[in-house]
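Pasting final.cif here (mmCIF, C-alpha atoms):
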```
data_model
loop_
_atom_site.label_atom_id
_atom_site.label_comp_id
_atom_site.auth_asym_id
_atom_site.auth_seq_id
_atom_site.Cartn_x
_atom_site.Cartn_y
_atom_site.Cartn_z
CA MET A 17 -11.18 9.63 -22.74
CA ALA A 18 -7.65 8.17 -22.64
CA GLY A 19 -6.26 10.72 -25.10
CA PRO A 20 -2.95 12.48 -24.41
CA THR A 21 -2.69 14.69 -21.31
CA ARG A 22 -2.04 18.31 -22.31
CA GLY A 23 1.63 19.14 -21.96
CA PHE A 24 2.78 15.75 -20.67
CA LEU A 25 6.00 14.52 -22.23
CA GLY A 26 7.14 12.03 -19.60
CA ARG A 27 10.62 10.95 -18.74
CA ALA A 28 13.18 10.40 -21.42
CA ARG A 29 12.68 6.73 -22.17
CA LYS A 30 13.85 3.91 -24.29
CA ALA A 31 11.98 0.69 -24.62
CA ASP A 32 13.14 -1.83 -22.01
CA LEU A 33 11.59 -5.16 -22.86
CA ARG A 34 11.82 -6.17 -19.20
CA LEU A 35 9.34 -3.46 -18.15
CA PRO A 36 5.64 -4.36 -18.30
CA PRO A 37 3.27 -1.61 -19.49
CA GLY A 38 2.84 1.29 -17.06
CA GLN A 39 5.89 0.33 -14.97
CA TYR A 40 9.13 2.25 -14.42
CA ASP A 41 12.60 1.13 -13.39
CA ILE A 42 13.17 2.14 -9.76
CA GLY A 43 16.89 1.30 -9.85
CA PRO A 44 18.58 0.05 -6.68
CA ASP A 45 15.72 1.05 -4.33
CA PHE A 46 13.39 -1.56 -2.81
CA PRO A 47 10.34 0.19 -1.30
CA VAL A 48 8.39 -1.28 1.61
CA LEU A 49 4.60 -1.35 1.23
CA THR A 50 2.61 -3.29 3.79
CA ALA A 51 -0.75 -2.82 5.44
CA GLU A 52 0.07 -4.04 8.92
CA VAL A 53 2.51 -3.74 11.78
CA THR A 54 5.80 -5.45 10.91
CA PRO A 55 6.01 -8.65 12.97
CA ARG A 56 9.23 -9.76 14.65
CA ILE A 57 9.64 -13.47 13.99
CA ALA A 58 12.70 -15.32 15.23
CA PRO A 59 13.86 -17.93 12.71
CA ASP A 60 13.61 -20.70 15.30
CA ARG A 61 9.92 -19.82 15.76
CA TRP A 62 9.16 -19.71 12.02
CA SER A 63 7.62 -22.61 10.13
CA ILE A 64 5.67 -23.15 6.95
CA ALA A 65 2.81 -25.58 6.42
CA VAL A 66 1.24 -26.91 3.24
CA ASP A 67 -2.30 -28.10 3.87
CA GLY A 68 -5.79 -28.20 2.41
CA LEU A 69 -6.30 -30.50 -0.57
CA VAL A 70 -3.04 -32.43 -0.28
CA ALA A 71 -2.35 -36.11 0.38
CA THR A 72 0.08 -35.40 3.24
CA PRO A 73 -0.26 -32.08 5.07
CA THR A 74 3.34 -31.16 5.87
CA ALA A 75 5.17 -28.50 7.85
CA TRP A 76 8.82 -27.47 7.82
CA THR A 77 10.83 -25.61 10.43
CA TRP A 78 13.60 -23.16 9.55
CA ASP A 79 16.24 -25.92 9.79
CA GLU A 80 14.13 -28.42 7.84
CA ALA A 81 13.43 -25.90 5.08
CA HIS A 82 17.15 -25.14 4.79
CA ARG A 83 17.91 -28.84 4.23
CA LEU A 84 15.67 -28.89 1.11
CA PRO A 85 17.32 -28.42 -2.30
CA ALA A 86 18.30 -24.76 -2.66
CA SER A 87 16.76 -22.71 -5.45
CA VAL A 88 17.45 -19.15 -6.59
CA TYR A 89 15.34 -16.66 -8.54
CA GLU A 90 17.25 -14.15 -10.60
CA GLY A 91 15.20 -11.60 -12.50
CA ASP A 92 12.70 -8.79 -12.13
CA ILE A 93 9.85 -7.92 -9.76
CA HIS A 94 6.90 -5.62 -10.42
CA CYS A 95 4.86 -3.69 -7.85
CA VAL A 96 1.29 -2.63 -8.66
CA THR A 97 2.20 0.91 -7.51
CA THR A 98 4.14 1.04 -10.84
CA TRP A 99 7.77 0.50 -9.84
CA SER A 100 9.73 -2.47 -11.10
CA LYS A 101 13.04 -3.69 -9.71
CA LEU A 102 15.12 -5.21 -12.47
CA GLY A 103 17.84 -7.81 -12.16
CA THR A 104 17.44 -8.74 -8.51
CA SER A 105 17.72 -12.13 -6.81
CA PHE A 106 16.21 -14.17 -4.00
CA GLY A 107 17.34 -17.49 -2.53
CA GLY A 108 15.44 -20.24 -0.75
CA VAL A 109 13.50 -23.22 -1.98
CA SER A 110 11.12 -23.76 -4.88
CA VAL A 111 7.43 -24.03 -3.97
CA ASP A 112 7.47 -27.13 -6.22
CA THR A 113 9.62 -28.87 -3.63
CA LEU A 114 7.08 -28.24 -0.87
CA LEU A 115 4.11 -29.23 -3.05
CA ASP A 116 5.83 -32.40 -4.25
CA ALA A 117 6.25 -33.47 -0.63
CA ALA A 118 2.63 -32.70 0.31
CA GLY A 119 1.10 -34.15 -2.86
CA PRO A 120 -1.68 -31.94 -4.26
CA MET A 121 -4.97 -33.78 -4.82
CA PRO A 122 -6.32 -33.79 -8.38
CA GLN A 123 -9.10 -31.33 -7.55
CA ALA A 124 -6.69 -28.75 -6.06
CA SER A 125 -6.68 -25.75 -8.38
CA PHE A 126 -6.05 -22.67 -6.20
CA VAL A 127 -3.75 -21.70 -3.35
CA MET A 128 -4.32 -19.34 -0.45
CA ALA A 129 -1.00 -18.05 0.86
CA ARG A 130 -1.13 -16.87 4.47
CA SER A 131 1.25 -14.80 6.56
CA SER A 132 1.72 -14.94 10.30
CA THR A 133 0.12 -11.46 10.39
CA GLY A 134 -3.11 -12.81 8.94
CA TYR A 135 -2.35 -11.34 5.50
CA THR A 136 -3.62 -13.55 2.70
CA THR A 137 -3.33 -13.65 -1.07
CA ASN A 138 -4.94 -16.04 -3.53
CA LEU A 139 -3.27 -17.66 -6.52
CA PRO A 140 -4.17 -20.21 -9.17
CA LEU A 141 -2.19 -23.38 -8.40
CA ALA A 142 -0.78 -23.19 -11.93
CA ASP A 143 0.95 -19.93 -10.99
CA VAL A 144 3.02 -21.48 -8.19
CA ILE A 145 4.15 -24.72 -9.87
CA GLY A 146 6.67 -25.37 -12.61
CA GLY A 147 9.47 -23.17 -11.28
CA LYS A 148 7.42 -19.97 -10.94
CA ALA A 149 7.31 -19.48 -7.16
CA TRP A 150 9.73 -19.65 -4.24
CA ILE A 151 9.87 -19.52 -0.46
CA VAL A 152 12.92 -17.32 0.18
CA TRP A 153 15.15 -16.23 3.07
CA THR A 154 17.85 -14.32 1.23
CA HIS A 155 17.78 -11.25 -1.00
CA GLU A 156 20.82 -10.55 -3.16
CA GLY A 157 22.88 -12.86 -0.98
CA HIS A 158 21.91 -11.35 2.40
CA PRO A 159 19.37 -12.49 4.99
CA LEU A 160 15.93 -11.21 4.01
CA PRO A 161 15.26 -8.04 6.08
CA THR A 162 12.23 -8.04 8.38
CA ASP A 163 10.50 -5.19 6.56
CA HIS A 164 10.80 -7.12 3.28
CA GLY A 165 9.11 -10.15 4.85
CA GLY A 166 11.98 -11.75 6.72
CA PRO A 167 12.83 -14.19 7.98
CA VAL A 168 10.91 -15.90 5.14
CA ARG A 169 8.55 -14.69 2.41
CA MET A 170 7.06 -16.15 -0.73
CA ILE A 171 7.90 -14.73 -4.15
CA VAL A 172 5.81 -15.19 -7.29
CA PRO A 173 7.72 -12.77 -9.49
CA HIS A 174 5.71 -13.15 -12.69
CA LEU A 175 2.71 -11.58 -10.89
CA TYR A 176 2.41 -8.18 -9.15
CA PHE A 177 4.39 -8.29 -5.95
CA TRP A 178 1.47 -8.14 -3.48
CA LYS A 179 1.04 -11.83 -4.46
CA SER A 180 4.47 -12.47 -2.93
CA ALA A 181 3.27 -12.78 0.67
CA LYS A 182 5.69 -11.54 3.33
CA TRP A 183 6.18 -13.50 6.57
CA ILE A 184 4.77 -16.58 4.84
CA SER A 185 3.47 -19.28 7.16
CA ARG A 186 0.98 -21.42 5.27
CA LEU A 187 -0.07 -22.52 1.79
CA THR A 188 -3.59 -23.97 1.66
CA LEU A 189 -4.68 -25.75 -1.49
CA LEU A 190 -8.33 -25.27 -2.49
CA ASP A 191 -10.67 -26.46 -5.24
CA HIS A 192 -12.02 -22.92 -5.71
CA ASP A 193 -10.77 -19.34 -5.72
CA GLU A 194 -11.28 -17.09 -2.68
CA PRO A 195 -10.11 -13.50 -2.54
CA GLY A 196 -7.18 -12.70 -0.27
CA PHE A 197 -6.55 -9.44 1.57
CA TRP A 198 -5.85 -6.96 -1.24
CA GLU A 199 -8.11 -8.90 -3.56
CA ARG A 200 -11.06 -8.23 -1.20
CA ASN A 201 -9.95 -4.62 -1.07
CA GLY A 202 -10.20 -3.81 -4.74
CA TYR A 203 -7.20 -5.52 -6.32
CA HIS A 204 -7.21 -8.13 -9.07
CA ASP A 205 -7.54 -11.85 -8.35
CA ARG A 206 -4.61 -12.82 -10.61
CA GLY A 207 -2.42 -9.73 -11.05
CA ASP A 208 -0.50 -10.33 -14.27
CA PRO A 209 1.67 -7.22 -14.80
CA TRP A 210 1.94 -7.82 -18.55
CA LEU A 211 -1.87 -7.57 -18.76
CA GLN A 212 -1.99 -4.69 -16.23
CA GLN A 213 -4.37 -6.67 -14.02
CA ARG A 214 -4.12 -4.13 -11.19
CA TYR A 215 -7.68 -3.78 -9.91
CA GLN A 216 -10.85 -5.85 -9.88
CA GLY A 217 -12.36 -5.61 -13.34
CA ASP A 218 -9.07 -5.13 -15.23
CA MET B 14 -15.66 -2.85 6.44
CA THR B 15 -13.05 -5.48 7.23
CA ASP B 16 -12.18 -5.99 10.88
CA THR B 17 -8.97 -7.95 10.48
CA LEU B 18 -6.47 -8.72 7.76
CA SER B 19 -7.87 -12.21 7.35
CA ASP B 20 -11.61 -11.51 7.28
CA THR B 21 -13.19 -13.18 4.31
CA ALA B 22 -15.99 -10.76 3.45
CA ARG B 23 -15.42 -8.08 0.87
CA PRO B 24 -15.66 -4.69 2.58
CA ALA B 25 -18.38 -2.22 1.78
CA ALA B 26 -15.97 0.52 0.71
CA PRO B 27 -16.95 2.22 -2.54
CA SER B 28 -14.93 1.56 -5.66
CA GLY B 29 -14.85 3.43 -8.95
CA GLY B 30 -13.35 2.87 -12.39
CA TRP B 31 -11.62 5.23 -14.81
CA ARG B 32 -13.16 8.67 -15.03
CA SER B 33 -12.48 11.95 -16.73
CA ALA B 34 -11.84 14.80 -14.29
CA ARG B 35 -11.72 18.54 -14.94
CA VAL B 36 -9.21 20.53 -12.93
CA GLU B 37 -11.23 23.30 -11.25
CA GLU B 38 -8.60 24.80 -8.94
CA VAL B 39 -4.82 24.65 -8.59
CA ALA B 40 -3.07 25.99 -5.50
CA HIS B 41 0.49 25.88 -4.20
CA PRO B 42 0.27 26.18 -0.41
CA THR B 43 4.06 25.70 -0.21
CA PRO B 44 6.80 25.56 -2.88
CA ARG B 45 6.92 21.78 -2.49
CA SER B 46 3.22 20.99 -2.75
CA VAL B 47 0.29 21.38 -5.09
CA VAL B 48 -3.41 21.07 -4.35
CA LEU B 49 -5.64 20.02 -7.21
CA ARG B 50 -9.39 20.25 -6.90
CA LEU B 51 -11.07 18.01 -9.44
CA ASP B 52 -14.58 17.75 -10.79
CA VAL B 53 -14.79 14.00 -11.40
CA HIS B 54 -17.33 13.09 -14.03
CA ASP B 55 -19.88 10.51 -12.87
CA ARG B 56 -18.11 10.33 -9.54
CA ILE B 57 -18.55 7.65 -6.89
CA ASP B 58 -18.13 9.22 -3.44
CA HIS B 59 -15.09 7.99 -1.51
CA LEU B 60 -14.64 7.28 2.17
CA PRO B 61 -11.81 9.03 4.06
CA GLY B 62 -8.57 7.12 3.62
CA GLN B 63 -9.25 6.00 0.05
CA HIS B 64 -7.11 7.06 -2.87
CA TYR B 65 -7.26 7.87 -6.56
CA VAL B 66 -4.89 6.97 -9.37
CA VAL B 67 -3.91 9.77 -11.75
CA ARG B 68 -2.76 8.59 -15.19
CA LEU B 69 -0.85 10.85 -17.57
CA THR B 70 -0.57 9.95 -21.25
CA ALA B 71 2.03 11.32 -23.68
CA ASP B 72 1.41 11.81 -27.40
CA ASP B 73 3.10 8.50 -28.19
CA GLY B 74 0.84 6.58 -25.81
CA TYR B 75 3.41 6.35 -22.99
CA THR B 76 1.68 6.51 -19.62
CA ALA B 77 2.73 7.22 -16.04
CA SER B 78 0.37 6.61 -13.12
CA ARG B 79 0.60 7.43 -9.42
CA SER B 80 -1.74 6.98 -6.47
CA TYR B 81 -2.74 9.91 -4.26
CA SER B 82 -4.85 9.88 -1.11
CA VAL B 83 -7.94 12.05 -1.19
CA ALA B 84 -7.73 15.09 1.12
CA SER B 85 -11.37 16.16 0.88
CA ALA B 86 -14.43 14.91 2.71
CA PRO B 87 -16.95 12.84 0.77
CA SER B 88 -19.42 15.72 1.09
CA ASP B 89 -17.10 18.08 -0.85
CA PRO B 90 -18.48 18.53 -4.37
CA LEU B 91 -14.89 18.30 -5.67
CA VAL B 92 -12.18 15.68 -5.10
CA GLU B 93 -9.15 17.37 -3.56
CA LEU B 94 -5.63 15.94 -3.85
CA TRP B 95 -2.65 17.36 -1.91
CA ILE B 96 0.48 16.28 -3.71
CA GLU B 97 4.07 16.57 -2.56
CA ARG B 98 6.29 17.83 -5.37
CA LEU B 99 9.37 15.60 -5.64
CA ASP B 100 12.15 17.21 -7.67
CA ASP B 101 12.88 14.03 -9.58
CA GLY B 102 9.24 12.97 -9.74
CA GLU B 103 7.84 12.37 -13.19
CA VAL B 104 4.18 12.82 -12.26
CA SER B 105 4.32 15.17 -9.25
CA THR B 106 6.44 17.75 -11.12
CA PHE B 107 3.95 17.70 -13.98
CA LEU B 108 0.99 18.12 -11.64
CA ALA B 109 2.76 20.91 -9.74
CA ASP B 110 4.32 22.79 -12.64
CA VAL B 111 2.18 22.22 -15.73
CA VAL B 112 -1.43 21.52 -14.79
CA GLU B 113 -3.82 24.47 -15.02
CA PRO B 114 -7.50 24.96 -14.27
CA GLY B 115 -9.54 23.65 -17.16
CA ASP B 116 -7.21 20.76 -17.92
CA ALA B 117 -8.63 17.26 -18.21
CA LEU B 118 -7.03 14.47 -16.20
CA GLU B 119 -7.69 10.77 -16.33
CA VAL B 120 -8.34 9.40 -12.85
CA ARG B 121 -9.45 6.17 -11.27
CA GLY B 122 -11.08 5.83 -7.91
CA PRO B 123 -11.99 5.65 -5.20
CA ILE B 124 -9.74 2.68 -4.43
CA GLY B 125 -8.98 0.77 -1.24
CA GLY B 126 -11.02 -1.02 1.38
CA TRP B 127 -8.58 -1.35 4.31
CA PHE B 128 -7.21 2.07 5.20
CA VAL B 129 -10.73 3.49 5.35
CA TRP B 130 -12.77 5.23 8.06
CA ASP B 131 -16.52 5.56 7.61
CA GLY B 132 -17.09 7.95 10.49
CA THR B 133 -19.12 5.59 12.67
CA THR B 134 -16.46 4.20 15.02
CA PRO B 135 -13.72 5.69 17.23
CA ALA B 136 -10.51 6.23 15.30
CA VAL B 137 -6.98 7.46 15.94
CA GLY B 138 -4.95 8.84 13.04
CA VAL B 139 -1.16 9.12 13.07
CA GLY B 140 0.41 10.71 10.00
CA GLY B 141 3.91 11.67 8.95
CA GLY B 142 4.41 14.42 6.35
CA SER B 143 2.22 13.85 3.31
CA GLY B 144 0.88 10.82 5.20
CA ALA B 145 -1.37 13.31 6.97
CA VAL B 146 -3.43 13.72 3.76
CA PRO B 147 -5.88 10.86 4.43
CA LEU B 148 -6.14 12.04 8.05
CA LEU B 149 -7.16 15.46 6.74
CA ALA B 150 -9.99 13.74 4.84
CA MET B 151 -10.99 12.02 8.10
CA ALA B 152 -10.90 15.32 10.02
CA ARG B 153 -12.98 17.07 7.38
CA HIS B 154 -15.45 14.20 7.32
CA ALA B 155 -15.73 14.26 11.14
CA VAL B 156 -16.62 17.95 10.96
CA ALA B 157 -19.06 17.42 8.10
CA ILE B 158 -20.97 14.73 9.98
CA ASP B 159 -20.62 16.55 13.29
CA ARG B 160 -18.73 13.72 15.00
CA PRO B 161 -15.34 15.28 15.82
CA ASP B 162 -15.49 13.38 19.12
CA LEU B 163 -14.79 10.11 17.28
CA LEU B 164 -11.41 11.12 15.88
CA ARG B 165 -8.05 11.81 17.56
CA LEU B 166 -5.04 12.83 15.48
CA ALA B 167 -1.29 13.23 15.66
CA VAL B 168 0.80 14.48 12.76
CA ALA B 169 4.56 14.71 12.51
CA ALA B 170 6.97 16.34 10.08
CA ARG B 171 10.27 18.17 9.94
CA THR B 172 8.63 21.59 9.59
CA LEU B 173 5.12 22.97 9.30
CA ALA B 174 5.65 23.37 5.55
CA ASP B 175 5.95 19.59 5.21
CA LEU B 176 2.34 19.07 6.36
CA PRO B 177 -0.87 19.46 4.38
CA PHE B 178 -2.94 22.34 5.81
CA PRO B 179 -1.32 22.23 9.29
CA ASP B 180 -3.60 24.97 10.66
CA GLU B 181 -6.66 22.97 9.74
CA LEU B 182 -5.20 19.83 11.34
CA ALA B 183 -4.35 21.76 14.50
CA ALA B 184 -7.86 23.23 14.56
CA ALA B 185 -9.17 19.66 14.43
CA GLY B 186 -7.26 19.01 17.65
CA ALA B 187 -4.28 17.23 16.11
CA VAL B 188 -1.05 16.95 18.07
CA VAL B 189 1.51 18.56 15.76
CA ALA B 190 5.06 17.28 16.30
CA LEU B 191 7.83 19.07 14.38
CA SER B 192 11.30 17.57 14.54
CA ARG B 193 13.14 20.70 13.34
CA ASP B 194 11.12 23.58 14.75
CA ARG B 195 9.70 24.70 18.08
CA ARG B 196 5.95 25.21 17.82
CA GLY B 197 4.07 26.99 20.58
CA GLY B 198 5.32 25.47 23.81
CA ARG B 199 6.53 22.29 22.14
CA PRO B 200 10.29 22.03 21.59
CA ALA B 201 11.60 20.56 18.34
CA GLY B 202 11.64 16.77 18.41
CA ARG B 203 10.05 13.73 16.88
CA LEU B 204 6.67 12.43 17.99
CA THR B 205 7.00 10.96 21.48
CA SER B 206 5.58 7.91 23.13
CA ALA B 207 3.83 10.16 25.67
CA GLU B 208 2.15 12.19 22.91
CA LEU B 209 0.99 9.04 21.17
CA GLY B 210 0.04 7.34 24.44
CA ALA B 211 -2.35 10.18 25.26
CA LEU B 212 -4.26 9.43 22.05
CA VAL B 213 -4.46 5.65 22.25
CA THR B 214 -8.10 4.69 22.66
CA PRO B 215 -9.10 1.13 23.59
CA GLY B 216 -11.39 -0.30 20.95
CA ALA B 217 -10.46 2.30 18.34
CA ILE B 218 -8.86 1.48 15.01
CA THR B 219 -5.56 3.32 14.67
CA TYR B 220 -4.58 4.50 11.18
CA VAL B 221 -0.86 5.07 10.58
CA CYS B 222 0.22 6.70 7.33
CA GLY B 223 3.54 7.98 6.12
CA SER B 224 6.88 6.96 4.70
CA ALA B 225 8.01 3.41 5.38
CA ALA B 226 10.37 4.70 8.08
CA PHE B 227 7.71 6.81 9.80
CA ALA B 228 5.09 4.07 9.59
CA GLU B 229 7.50 1.58 11.12
CA PHE B 230 8.47 4.00 13.91
CA ALA B 231 4.87 4.95 14.77
CA SER B 232 3.37 1.47 14.50
CA GLN B 233 6.05 -0.10 16.70
CA LEU B 234 5.54 2.70 19.24
CA LEU B 235 1.81 1.94 19.26
CA VAL B 236 2.43 -1.76 19.84
CA GLU B 237 4.80 -0.90 22.72
CA LEU B 238 2.00 1.25 24.17
CA GLY B 239 -0.24 -1.81 24.23
CA CYS B 240 -2.19 -1.21 21.03
CA PRO B 241 -3.11 -4.64 19.57
CA SER B 242 -1.45 -5.12 16.15
CA ALA B 243 -4.82 -6.21 14.80
CA ASP B 244 -6.23 -2.73 15.53
CA VAL B 245 -3.46 -0.89 13.67
CA ARG B 246 -3.89 -0.27 9.94
CA VAL B 247 -0.84 0.95 8.12
CA GLU B 248 -0.41 2.75 4.83
CA ARG B 249 3.21 3.08 3.81
CA PHE B 250 3.78 5.63 1.08
CA GLY B 251 6.05 4.30 -1.58
CA PRO B 252 7.92 6.57 -3.93
CA SER B 253 5.18 8.42 -5.77
CA GLY B 254 7.12 10.76 -7.97
#
```

As structure tokens, how would this structure be written, given the file I've shared?
Amino acid sequence: MAGPTRGFLGRARKADLRLPPGQYDIGPDFPVLTAEVTPRIAPDRWSIAVDGLVATPTAWTWDEAHRLPASVYEGDIHCVTTWSKLGTSFGGVSVDTLLDAAGPMPQASFVMARSSTGYTTNLPLADVIGGKAWIVWTHEGHPLPTDHGGPVRMIVPHLYFWKSAKWISRLTLLDHDEPGFWERNGYHDRGDPWLQQRYQGD
Amino acid sequence: MTDTLSDTARPAAPSGGWRSARVEEVAHPTPRSVVLRLDVHDRIDHLPGQHYVVRLTADDGYTASRSYSVASAPSDPLVELWIERLDDGEVSTFLADVVEPGDALEVRGPIGGWFVWDGTTPAVGVGGGSGAVPLLAMARHAVAIDRPDLLRLAVAARTLADLPFPDELAAAGAVVALSRDRRGGRPAGRLTSAELGALVTPGAITYVCGSAAFAEFASQLLVELGCPSADVRVERFGPSG
């Protein structure tokens, strides 16, 4: 069908070029949507590993990660449940820095991001290199709250936000794509908000 | 069905694409809720816990979509949605105030493979406010398949009017915890550890659904009661105006 819905006018709206199709501006809110019990992870117990198809599997502790060159993302994030948060910021380190240290092998083409909860999400390697993905521990200048993935989460802000794994603990490079948690449960393997890749088959 | 967050197999939960639905019935059980009963064309039956997306389209092509848990059992010939009307909600106000029987709505579903109960294993459901909707689907399914013994429920809200079909939930054996009102012999107060502890069942999957604050409260309480995190599945309702 896809014709107009009888009587639906919708909110007063003006085109905001920052909003992908089907998204709305949620303003200052930052909703929490997770499928599992929120873990309590002390920073001195946190670490992140890069393994799989890399020359030098490498892990960083909290202190080691903080000694890497700092990198900040300033921009927008888009949740598949249709809210977008515009003009926000996260601080940490670029995923490029971690991958450069570990040295991806030529056949590496996908990444499985894993949380300490067991949550996983899959990404093409191309989507996390070239300044497009971060491992972050601050949000708008403050320590990242636990319910938003603190002490450390990944962000991949050009894709729907379920790709930005909370409580990140491991990046595994693969030569093939495997579905992560939401991807097994009906959601899209790539999740480009500008193409509305929300569910499998979009 | 997946057993843990990191299982690699795709679950067997059903999944459907965009469909046209005809609104068969509209009811307003309370001033702040609307129940829509939909005849979904070429429907794929859901499992309790799954949700549908409703997409509204304006004349200029503008769309607004929201996800709503299904309240009905799979055996119900119609798909029932219980929707909380949020005063500033773009979609819920339309569904509550404008939609009439006979209208066509564009829907997509069923969706979701994690927060799903197929009625074959012991389950505990803990819902806050409109988070009780998927538990209602579980309760109705348990009755339909004659396995009410498999399901134990607790629901919490400020008042009875903040719950979907509270009488039906209570009839299904649900603990009903109201924070503002006395109910029967229970004084006003939030869901307690003792109430939840009486429901915890070793080996059962526990389904927690509600606002982010409620889900956090209930899931941490369950972990304190000794429930393994791996056996707790959480659905946090975002803003779904």

Please check the contacts: residues of chain A at most 6 Å away from chain B, using all atoms listed in the file, listed as a PDB file with C-alpha atoms, in the frame of the given file.
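Now in part-v2.pdb:
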```pdb
ATOM      1  CA  PRO A  20      -2.950  12.480 -24.410  1.00  0.00           C
ATOM      2  CA  THR A  21      -2.690  14.690 -21.310  1.00  0.00           C
ATOM      3  CA  PHE A  24       2.780  15.750 -20.670  1.00  0.00           C
ATOM      4  CA  LEU A  25       6.000  14.520 -22.230  1.00  0.00           C
ATOM      5  CA  GLY A  38       2.840   1.290 -17.060  1.00  0.00           C
ATOM      6  CA  PRO A  47      10.340   0.190  -1.300  1.00  0.00           C
ATOM      7  CA  LEU A  49       4.600  -1.350   1.230  1.00  0.00           C
ATOM      8  CA  ALA A  51      -0.750  -2.820   5.440  1.00  0.00           C
ATOM      9  CA  GLU A  52       0.070  -4.040   8.920  1.00  0.00           C
ATOM     10  CA  VAL A  53       2.510  -3.740  11.780  1.00  0.00           C
ATOM     11  CA  GLY A 134      -3.110 -12.810   8.940  1.00  0.00           C
ATOM     12  CA  TYR A 135      -2.350 -11.340   5.500  1.00  0.00           C
ATOM     13  CA  ARG A 200     -11.060  -8.230  -1.200  1.00  0.00           C
ATOM     14  CA  ASN A 201      -9.950  -4.620  -1.070  1.00  0.00           C
ATOM     15  CA  GLY A 202     -10.200  -3.810  -4.740  1.00  0.00           C
TER      16      GLY A 202
END
```

Name the residues in contact with Glu181 of chain B at a cut-off of 12 Å, using only C-alpha atoms, excluding same-chain residues fewer than 2 positions from it; report them as number ranges by chain. B: 84, 145-146, 148-153, 156, 166, 168, 173, 176-179, 183-189

Using the chain letters and numbers from the file, give me the residues hit by the PyMOL selection byres ((chain B and resi 45-59) around 6), as a list of chain:residue names.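 With the shown file as input, the PyMOL selection byres ((chain B and resi 45-59) around 6) matches B:Gly29, B:Ser33, B:Ala34, B:Arg35, B:Val36, B:Glu37, B:Glu38, B:Val39, B:Ala40, B:His41, B:Thr43, B:Pro44, B:Leu60, B:Pro87, B:Leu91, B:Val92, B:Glu93, B:Leu94, B:Trp95, B:Ile96, B:Glu97, B:Arg98, B:Ala109, B:Pro123.
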
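For the atom pair formed by atom CA of Pro147 of chain B and atom CA of Gly62 of chain B, the distance is 4.7 Å, given to one decimal.
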
Could you list the residues chosen by the PyMOL selection byres ((chain A and resi 168) around 7) in this structure as a PyMOL selection string? chain A and resi 151-153+160+165-167+169+183-184

Enumerate, as a short mmCIF file (atom, residue, chain, number, x, y, z; two decimals) with C-alpha atoms, in the coordinates of the input, the residues matched when the PyMOL selection byres ((chain A and resi 173) around 8) is run on the file above.
```
data_model
loop_
_atom_site.label_atom_id
_atom_site.label_comp_id
_atom_site.auth_asym_id
_atom_site.auth_seq_id
_atom_site.Cartn_x
_atom_site.Cartn_y
_atom_site.Cartn_z
CA ASP A 92 12.70 -8.79 -12.13
CA ILE A 93 9.85 -7.92 -9.76
CA HIS A 94 6.90 -5.62 -10.42
CA LYS A 148 7.42 -19.97 -10.94
CA ALA A 149 7.31 -19.48 -7.16
CA ILE A 171 7.90 -14.73 -4.15
CA VAL A 172 5.81 -15.19 -7.29
CA HIS A 174 5.71 -13.15 -12.69
CA LEU A 175 2.71 -11.58 -10.89
CA TYR A 176 2.41 -8.18 -9.15
CA PHE A 177 4.39 -8.29 -5.95
CA SER A 180 4.47 -12.47 -2.93
#
```

Close residues, segment 106-111 of chain A itself excluded, 10 Å, only C-alpha atoms, min 5 positions apart in chain, as an mmCIF file with C-alpha atoms, keeping the file's coordinate frame:
```
data_model
loop_
_atom_site.group_PDB
_atom_site.id
_atom_site.type_symbol
_atom_site.label_atom_id
_atom_site.label_comp_id
_atom_site.auth_asym_id
_atom_site.auth_seq_id
_atom_site.Cartn_x
_atom_site.Cartn_y
_atom_site.Cartn_z
ATOM 1 C CA VAL A 66 1.240 -26.910 3.240
ATOM 2 C CA ALA A 81 13.430 -25.900 5.080
ATOM 3 C CA HIS A 82 17.150 -25.140 4.790
ATOM 4 C CA ARG A 83 17.910 -28.840 4.230
ATOM 5 C CA LEU A 84 15.670 -28.890 1.110
ATOM 6 C CA PRO A 85 17.320 -28.420 -2.300
ATOM 7 C CA ALA A 86 18.300 -24.760 -2.660
ATOM 8 C CA SER A 87 16.760 -22.710 -5.450
ATOM 9 C CA VAL A 88 17.450 -19.150 -6.590
ATOM 10 C CA TYR A 89 15.340 -16.660 -8.540
ATOM 11 C CA GLU A 90 17.250 -14.150 -10.600
ATOM 12 C CA GLY A 91 15.200 -11.600 -12.500
ATOM 13 C CA ASP A 116 5.830 -32.400 -4.250
ATOM 14 C CA VAL A 144 3.020 -21.480 -8.190
ATOM 15 C CA ILE A 145 4.150 -24.720 -9.870
ATOM 16 C CA GLY A 146 6.670 -25.370 -12.610
ATOM 17 C CA GLY A 147 9.470 -23.170 -11.280
ATOM 18 C CA LYS A 148 7.420 -19.970 -10.940
ATOM 19 C CA ALA A 149 7.310 -19.480 -7.160
ATOM 20 C CA TRP A 150 9.730 -19.650 -4.240
ATOM 21 C CA ILE A 151 9.870 -19.520 -0.460
ATOM 22 C CA VAL A 152 12.920 -17.320 0.180
ATOM 23 C CA TRP A 153 15.150 -16.230 3.070
ATOM 24 C CA THR A 154 17.850 -14.320 1.230
ATOM 25 C CA HIS A 155 17.780 -11.250 -1.000
ATOM 26 C CA GLU A 156 20.820 -10.550 -3.160
ATOM 27 C CA GLY A 157 22.880 -12.860 -0.980
ATOM 28 C CA HIS A 158 21.910 -11.350 2.400
ATOM 29 C CA PRO A 159 19.370 -12.490 4.990
ATOM 30 C CA LEU A 160 15.930 -11.210 4.010
ATOM 31 C CA VAL A 168 10.910 -15.900 5.140
ATOM 32 C CA ARG A 169 8.550 -14.690 2.410
ATOM 33 C CA MET A 170 7.060 -16.150 -0.730
ATOM 34 C CA ILE A 171 7.900 -14.730 -4.150
ATOM 35 C CA VAL A 172 5.810 -15.190 -7.290
ATOM 36 C CA LEU A 187 -0.070 -22.520 1.790
#
```
